$ cat coords19.txt   # compact mmCIF, C-alpha atoms
# COMPACT_ATOMS: atom_id res chain seq x y z
CA MET K 509 36.64 73.97 15.71
CA GLU K 510 34.18 73.84 18.56
CA LYS K 511 31.94 76.22 16.58
CA CYS K 512 32.13 73.85 13.59
CA ILE K 513 31.01 70.94 15.78
CA GLU K 514 28.15 73.08 17.11
CA LEU K 515 27.10 73.89 13.54
CA ALA K 516 27.40 70.23 12.54
CA LYS K 517 24.96 69.37 15.32
CA LYS K 518 22.49 71.90 13.89
CA ALA K 519 22.81 70.23 10.50
CA SER K 520 22.20 66.82 12.04
CA ALA K 521 19.05 68.06 13.77
CA LEU K 522 17.73 69.02 10.30
CA GLY K 523 18.52 65.59 8.88
CA GLU K 524 21.61 66.90 7.10
CA VAL K 525 25.01 65.22 7.15
CA PRO K 526 26.61 66.85 10.20
CA VAL K 527 29.26 69.14 8.77
CA GLY K 528 29.95 72.66 9.95
CA ALA K 529 32.35 75.28 8.60
CA VAL K 530 33.67 78.61 9.83
CA ILE K 531 35.83 81.20 8.08
CA VAL K 532 37.93 83.48 10.26
CA ASN K 533 40.06 86.49 9.37
CA ALA K 534 43.70 87.02 10.29
CA HIS K 535 42.62 88.40 13.68
CA GLY K 536 40.66 85.24 14.51
CA GLU K 537 37.27 86.91 14.07
CA ILE K 538 34.52 84.82 12.52
CA ILE K 539 33.60 86.17 9.08
CA SER K 540 31.07 83.48 8.19
CA GLU K 541 29.67 80.19 9.40
CA ALA K 542 27.55 77.51 7.78
CA TYR K 543 26.45 73.90 7.86
CA ASN K 544 25.30 71.42 5.26
CA LEU K 545 21.93 72.20 3.67
CA ARG K 546 21.81 69.83 0.67
CA GLU K 547 18.65 68.04 1.79
CA THR K 548 16.94 71.17 3.06
CA GLU K 549 17.60 73.18 -0.09
CA ASN K 550 17.62 70.26 -2.57
CA ARG K 551 20.89 71.64 -3.86
CA ALA K 552 23.95 69.45 -4.52
CA THR K 553 26.30 72.37 -3.91
CA ALA K 554 24.93 73.29 -0.47
CA HIS K 555 27.97 71.99 1.38
CA ALA K 556 29.02 73.80 4.55
CA GLU K 557 32.30 74.96 3.04
CA LEU K 558 30.73 76.43 -0.11
CA ILE K 559 28.05 78.25 1.84
CA ALA K 560 30.67 79.66 4.25
CA ILE K 561 32.85 80.80 1.32
CA GLU K 562 29.89 82.47 -0.41
CA LEU K 563 28.88 84.27 2.78
CA ALA K 564 32.46 85.41 3.48
CA CYS K 565 32.85 86.77 -0.07
CA LYS K 566 29.58 88.61 0.21
CA LYS K 567 30.44 90.05 3.63
CA LEU K 568 33.93 91.16 2.60
CA GLY K 569 32.87 92.32 -0.85
CA ARG K 570 35.56 90.34 -2.67
CA TRP K 571 36.21 86.84 -3.95
CA ARG K 572 39.79 86.53 -2.71
CA LEU K 573 39.86 85.25 0.85
CA SER K 574 43.65 85.30 1.00
CA ASP K 575 43.70 86.62 4.56
CA CYS K 576 41.26 84.04 5.97
CA SER K 577 41.34 80.49 7.32
CA LEU K 578 38.68 77.83 6.90
CA TYR K 579 37.76 75.50 9.74
CA VAL K 580 35.56 72.53 8.88
CA SER K 581 34.44 69.47 10.81
CA LEU K 582 35.01 67.04 7.90
CA GLU K 583 37.69 66.81 5.24
CA PRO K 584 36.52 68.71 2.16
CA CYS K 585 35.39 66.88 -0.98
CA PHE K 586 36.74 67.63 -4.47
CA MET K 587 34.10 70.30 -5.13
CA CYS K 588 34.83 72.14 -1.89
CA ALA K 589 38.60 71.79 -2.34
CA GLY K 590 38.21 73.43 -5.74
CA ALA K 591 36.30 76.33 -4.19
CA ILE K 592 38.99 76.69 -1.51
CA ILE K 593 41.65 76.99 -4.22
CA LEU K 594 39.59 79.41 -6.31
CA SER K 595 38.90 81.66 -3.31
CA ARG K 596 42.62 81.65 -2.43
CA ILE K 597 42.13 80.57 1.19
CA PRO K 598 45.69 79.96 2.45
CA SER K 599 44.93 77.77 5.45
CA ILE K 600 42.45 75.00 6.17
CA ILE K 601 41.91 73.20 9.45
CA PHE K 602 39.66 70.14 9.50
CA ALA K 603 38.59 67.58 12.07
CA ALA K 604 37.67 64.16 10.67
CA CYS K 605 39.09 62.53 7.56
CA ASP K 606 36.66 61.38 4.87
CA PRO K 607 38.01 58.13 3.39
CA LYS K 608 35.20 57.93 0.79
CA ALA K 609 35.17 61.49 -0.56
CA GLY K 610 38.03 63.47 0.99
CA ALA K 611 40.17 65.48 -1.41
CA VAL K 612 42.60 66.89 1.15
CA GLY K 613 44.58 63.75 1.92
CA SER K 614 42.27 60.74 1.88
CA LEU K 615 41.65 60.14 -1.85
CA ASP K 616 43.86 62.92 -3.18
CA ASN K 617 45.35 66.19 -2.00
CA ILE K 618 44.09 68.84 -4.38
CA LEU K 619 45.09 71.65 -2.03
CA ASN K 620 48.79 70.87 -2.43
CA ASP K 621 48.85 70.05 -6.13
CA LYS K 622 51.83 72.01 -7.51
CA ARG K 623 50.21 72.12 -10.97
CA LEU K 624 47.62 74.56 -9.63
CA ASN K 625 48.24 78.25 -9.02
CA HIS K 626 47.38 78.06 -5.31
CA GLN K 627 48.23 75.68 -2.48
CA CYS K 628 47.06 75.62 1.14
CA GLU K 629 48.52 74.92 4.50
CA ILE K 630 46.57 71.98 5.94
CA THR K 631 46.03 71.04 9.57
CA GLN K 632 44.00 67.90 10.17
CA GLY K 633 42.73 66.02 13.18
CA VAL K 634 41.60 68.95 15.36
CA CYS K 635 38.62 67.60 17.39
CA SER K 636 38.55 64.61 15.04
CA GLU K 637 37.15 62.18 17.58
CA GLU K 638 34.14 64.35 18.41
CA SER K 639 33.41 65.00 14.73
CA SER K 640 33.83 61.33 13.82
CA MET K 641 31.47 60.23 16.57
CA LEU K 642 28.86 62.75 15.42
CA LEU K 643 29.08 61.46 11.84
CA LYS K 644 29.01 57.79 12.89
CA SER K 645 25.97 58.37 15.11
CA PHE K 646 24.18 60.22 12.31
CA PHE K 647 24.72 57.48 9.74
CA LYS K 648 23.92 54.71 12.22
CA ALA K 649 20.56 56.36 12.96
CA ARG K 650 19.93 56.89 9.25
CA ARG K 651 20.54 53.21 8.49
CA LYS K 652 17.96 52.23 11.13
CA LYS K 653 15.23 54.15 9.30
$ encode --input "coords19.txt" --output "C-alpha cells"
Amino acid sequence: MEKCIELAKKASALGEVPVGAVIVNAHGEIISEAYNLRETENRATAHAELIAIELACKKLGRWRLSDCSLYVSLEPCFMCAGAIILSRIPSIIFAACDPKAGAVGSLDNILNDKRLNHQCEITQGVCSEESSMLLKSFFKARRKK
C-alpha cells in the first residue's frame, strides 16, 4: 500500500485526484502500477485501477488476472469495480473509503454481489489515514483556487 500512496502523490503533483494502484502476483511481485490520469489524458476512464489492470493484462498476455491482487489507495468506483470483476481479480485491498462514489462498501458492494459470476475478497482500511489526508489536502487546495 505504501507504493500506492507514493503513486497517489505523483498523481497529485500533476493535478490529478491522488489515487494510486498496484497489481501484484501470487508471489507478491508487482506486475503493474498506475495513478489517476483523467485530467492529463482528458479521458474519463483513466482511473488508476483501470490503467493498472490494462497494463497487467498486457504484461501477462491474458485478460484473466485470477492469480493477482489489486492494491489501491481509494475505494474503487462502480466502473473500476466492474473491471475488477471482469478481469477476475480475486482479492482487493484498499486504503480510504469513498462515501460519494465507492462501490466496494460505501454506496454498494458490487464485488460481493452473488448475482454476478465473480466475487472478491476485500480488505479495507490499510493505510487509510495517510490516504485520506492526502485526498483531503488535495481537495482543500483545489477549493482555494
$ closest_residue --input "coords19.txt" --among "K:Ile618, K:Val580, K:Leu568, K:Ile597" --to "Val527 of chain K" --atoms "all atoms listed in the file"
K:Val580
$ closest_residue --input "coords19.txt" --among "K:Tyr543, K:Val612, K:Ala560, K:Ile601" --to "Tyr579 of chain K" --atoms "all atoms listed in the file"
K:Ile601
$ atom_distance --input "coords19.txt" --atom1 "atom CA of Ala564 of chain K" --atom2 "atom CA of Ile531 of chain K"
7.1 Å
$ residues_around --input "coords19.txt" --residues "Asp616 of chain K" --least-positions-apart "4" --cutoff "12 Å" --atoms "only C-alpha atoms" --output "list in words"
Glu583, Pro584, Cys585, Phe586, Ala589, Cys605, Asp606, Pro607, Lys608, Ala609, Gly610, Ala611, Val612, Asn620 and Asp621 of chain K
$ closest_residue --input "coords19.txt" --among "K:Leu582, K:Ala604, K:Ser540, K:Gly590" --to "Lys566 of chain K" --atoms "all atoms listed in the file"
K:Ser540
$ closest_residue --input "coords19.txt" --among "K:Gly633, K:Gly536, K:Gly569, K:Gly523" --to "Ala603 of chain K" --atoms "all atoms listed in the file"
K:Gly633
$ build_atoms --input "coords19.txt" --residues "segment 601-633 of chain K" --atoms "N, CA and C atoms" --output "PDB file, in the frame of the given file"
ATOM      1  N   ILE K 601      41.806  74.039   8.267  1.00  0.00           N
ATOM      2  CA  ILE K 601      41.910  73.200   9.450  1.00  0.00           C
ATOM      3  C   ILE K 601      40.666  72.328   9.461  1.00  0.00           C
ATOM      4  N   PHE K 602      40.841  71.005   9.460  1.00  0.00           N
ATOM      5  CA  PHE K 602      39.660  70.140   9.500  1.00  0.00           C
ATOM      6  C   PHE K 602      39.797  69.072  10.567  1.00  0.00           C
ATOM      7  N   ALA K 603      38.649  68.562  10.977  1.00  0.00           N
ATOM      8  CA  ALA K 603      38.590  67.580  12.070  1.00  0.00           C
ATOM      9  C   ALA K 603      38.755  66.163  11.523  1.00  0.00           C
ATOM     10  N   ALA K 604      37.675  65.565  11.073  1.00  0.00           N
ATOM     11  CA  ALA K 604      37.670  64.160  10.670  1.00  0.00           C
ATOM     12  C   ALA K 604      38.054  63.974   9.212  1.00  0.00           C
ATOM     13  N   CYS K 605      38.781  62.910   8.937  1.00  0.00           N
ATOM     14  CA  CYS K 605      39.090  62.530   7.560  1.00  0.00           C
ATOM     15  C   CYS K 605      37.851  61.883   6.938  1.00  0.00           C
ATOM     16  N   ASP K 606      37.768  61.983   5.615  1.00  0.00           N
ATOM     17  CA  ASP K 606      36.660  61.380   4.870  1.00  0.00           C
ATOM     18  C   ASP K 606      37.242  60.392   3.865  1.00  0.00           C
ATOM     19  N   PRO K 607      37.364  59.112   4.256  1.00  0.00           N
ATOM     20  CA  PRO K 607      38.010  58.130   3.390  1.00  0.00           C
ATOM     21  C   PRO K 607      37.257  57.842   2.084  1.00  0.00           C
ATOM     22  N   LYS K 608      35.998  58.203   1.994  1.00  0.00           N
ATOM     23  CA  LYS K 608      35.200  57.930   0.790  1.00  0.00           C
ATOM     24  C   LYS K 608      35.107  59.107  -0.174  1.00  0.00           C
ATOM     25  N   ALA K 609      35.331  60.321   0.307  1.00  0.00           N
ATOM     26  CA  ALA K 609      35.170  61.490  -0.560  1.00  0.00           C
ATOM     27  C   ALA K 609      36.177  62.598  -0.301  1.00  0.00           C
ATOM     28  N   GLY K 610      37.102  62.407   0.613  1.00  0.00           N
ATOM     29  CA  GLY K 610      38.030  63.470   0.990  1.00  0.00           C
ATOM     30  C   GLY K 610      39.076  63.766  -0.066  1.00  0.00           C
ATOM     31  N   ALA K 611      39.227  65.039  -0.381  1.00  0.00           N
ATOM     32  CA  ALA K 611      40.170  65.480  -1.410  1.00  0.00           C
ATOM     33  C   ALA K 611      41.339  66.263  -0.834  1.00  0.00           C
ATOM     34  N   VAL K 612      41.534  66.144   0.481  1.00  0.00           N
ATOM     35  CA  VAL K 612      42.600  66.890   1.150  1.00  0.00           C
ATOM     36  C   VAL K 612      43.500  65.915   1.909  1.00  0.00           C
ATOM     37  N   GLY K 613      43.694  64.729   1.313  1.00  0.00           N
ATOM     38  CA  GLY K 613      44.580  63.750   1.920  1.00  0.00           C
ATOM     39  C   GLY K 613      44.086  62.317   1.815  1.00  0.00           C
ATOM     40  N   SER K 614      42.779  62.107   1.894  1.00  0.00           N
ATOM     41  CA  SER K 614      42.270  60.740   1.880  1.00  0.00           C
ATOM     42  C   SER K 614      42.321  60.103   0.489  1.00  0.00           C
ATOM     43  N   LEU K 615      41.652  60.679  -0.486  1.00  0.00           N
ATOM     44  CA  LEU K 615      41.650  60.140  -1.850  1.00  0.00           C
ATOM     45  C   LEU K 615      42.673  60.842  -2.732  1.00  0.00           C
ATOM     46  N   ASP K 616      42.933  62.087  -2.425  1.00  0.00           N
ATOM     47  CA  ASP K 616      43.860  62.920  -3.180  1.00  0.00           C
ATOM     48  C   ASP K 616      44.196  64.105  -2.285  1.00  0.00           C
ATOM     49  N   ASN K 617      45.078  64.963  -2.745  1.00  0.00           N
ATOM     50  CA  ASN K 617      45.350  66.190  -2.000  1.00  0.00           C
ATOM     51  C   ASN K 617      45.409  67.348  -2.986  1.00  0.00           C
ATOM     52  N   ILE K 618      44.232  67.762  -3.403  1.00  0.00           N
ATOM     53  CA  ILE K 618      44.090  68.840  -4.380  1.00  0.00           C
ATOM     54  C   ILE K 618      44.717  70.142  -3.865  1.00  0.00           C
ATOM     55  N   LEU K 619      44.629  70.369  -2.573  1.00  0.00           N
ATOM     56  CA  LEU K 619      45.090  71.650  -2.030  1.00  0.00           C
ATOM     57  C   LEU K 619      46.606  71.830  -2.062  1.00  0.00           C
ATOM     58  N   ASN K 620      47.332  70.762  -2.327  1.00  0.00           N
ATOM     59  CA  ASN K 620      48.790  70.870  -2.430  1.00  0.00           C
ATOM     60  C   ASN K 620      49.310  70.395  -3.773  1.00  0.00           C
ATOM     61  N   ASP K 621      48.461  70.441  -4.780  1.00  0.00           N
ATOM     62  CA  ASP K 621      48.850  70.050  -6.130  1.00  0.00           C
ATOM     63  C   ASP K 621      49.657  71.197  -6.752  1.00  0.00           C
ATOM     64  N   LYS K 622      50.929  70.965  -7.004  1.00  0.00           N
ATOM     65  CA  LYS K 622      51.830  72.010  -7.510  1.00  0.00           C
ATOM     66  C   LYS K 622      51.472  72.463  -8.932  1.00  0.00           C
ATOM     67  N   ARG K 623      50.618  71.708  -9.623  1.00  0.00           N
ATOM     68  CA  ARG K 623      50.210  72.120 -10.970  1.00  0.00           C
ATOM     69  C   ARG K 623      49.221  73.273 -10.923  1.00  0.00           C
ATOM     70  N   LEU K 624      48.600  73.480  -9.778  1.00  0.00           N
ATOM     71  CA  LEU K 624      47.620  74.560  -9.630  1.00  0.00           C
ATOM     72  C   LEU K 624      48.317  75.843  -9.177  1.00  0.00           C
ATOM     73  N   ASN K 625      47.628  76.954  -9.349  1.00  0.00           N
ATOM     74  CA  ASN K 625      48.240  78.250  -9.020  1.00  0.00           C
ATOM     75  C   ASN K 625      48.102  78.636  -7.551  1.00  0.00           C
ATOM     76  N   HIS K 626      47.551  77.756  -6.731  1.00  0.00           N
ATOM     77  CA  HIS K 626      47.380  78.060  -5.310  1.00  0.00           C
ATOM     78  C   HIS K 626      47.474  76.760  -4.514  1.00  0.00           C
ATOM     79  N   GLN K 627      48.175  76.805  -3.411  1.00  0.00           N
ATOM     80  CA  GLN K 627      48.230  75.680  -2.480  1.00  0.00           C
ATOM     81  C   GLN K 627      47.878  76.190  -1.082  1.00  0.00           C
ATOM     82  N   CYS K 628      47.488  75.256  -0.221  1.00  0.00           N
ATOM     83  CA  CYS K 628      47.060  75.620   1.140  1.00  0.00           C
ATOM     84  C   CYS K 628      47.882  74.904   2.198  1.00  0.00           C
ATOM     85  N   GLU K 629      47.993  75.568   3.311  1.00  0.00           N
ATOM     86  CA  GLU K 629      48.520  74.920   4.500  1.00  0.00           C
ATOM     87  C   GLU K 629      47.374  74.117   5.100  1.00  0.00           C
ATOM     88  N   ILE K 630      47.633  72.865   5.449  1.00  0.00           N
ATOM     89  CA  ILE K 630      46.570  71.980   5.940  1.00  0.00           C
ATOM     90  C   ILE K 630      46.906  71.500   7.340  1.00  0.00           C
ATOM     91  N   THR K 631      45.932  71.613   8.226  1.00  0.00           N
ATOM     92  CA  THR K 631      46.030  71.040   9.570  1.00  0.00           C
ATOM     93  C   THR K 631      44.846  70.097   9.716  1.00  0.00           C
ATOM     94  N   GLN K 632      45.104  68.852  10.032  1.00  0.00           N
ATOM     95  CA  GLN K 632      44.000  67.900  10.170  1.00  0.00           C
ATOM     96  C   GLN K 632      44.002  67.264  11.550  1.00  0.00           C
ATOM     97  N   GLY K 633      42.846  66.763  11.945  1.00  0.00           N
ATOM     98  CA  GLY K 633      42.730  66.020  13.180  1.00  0.00           C
ATOM     99  C   GLY K 633      42.300  66.830  14.397  1.00  0.00           C
TER     100      GLY K 633
END
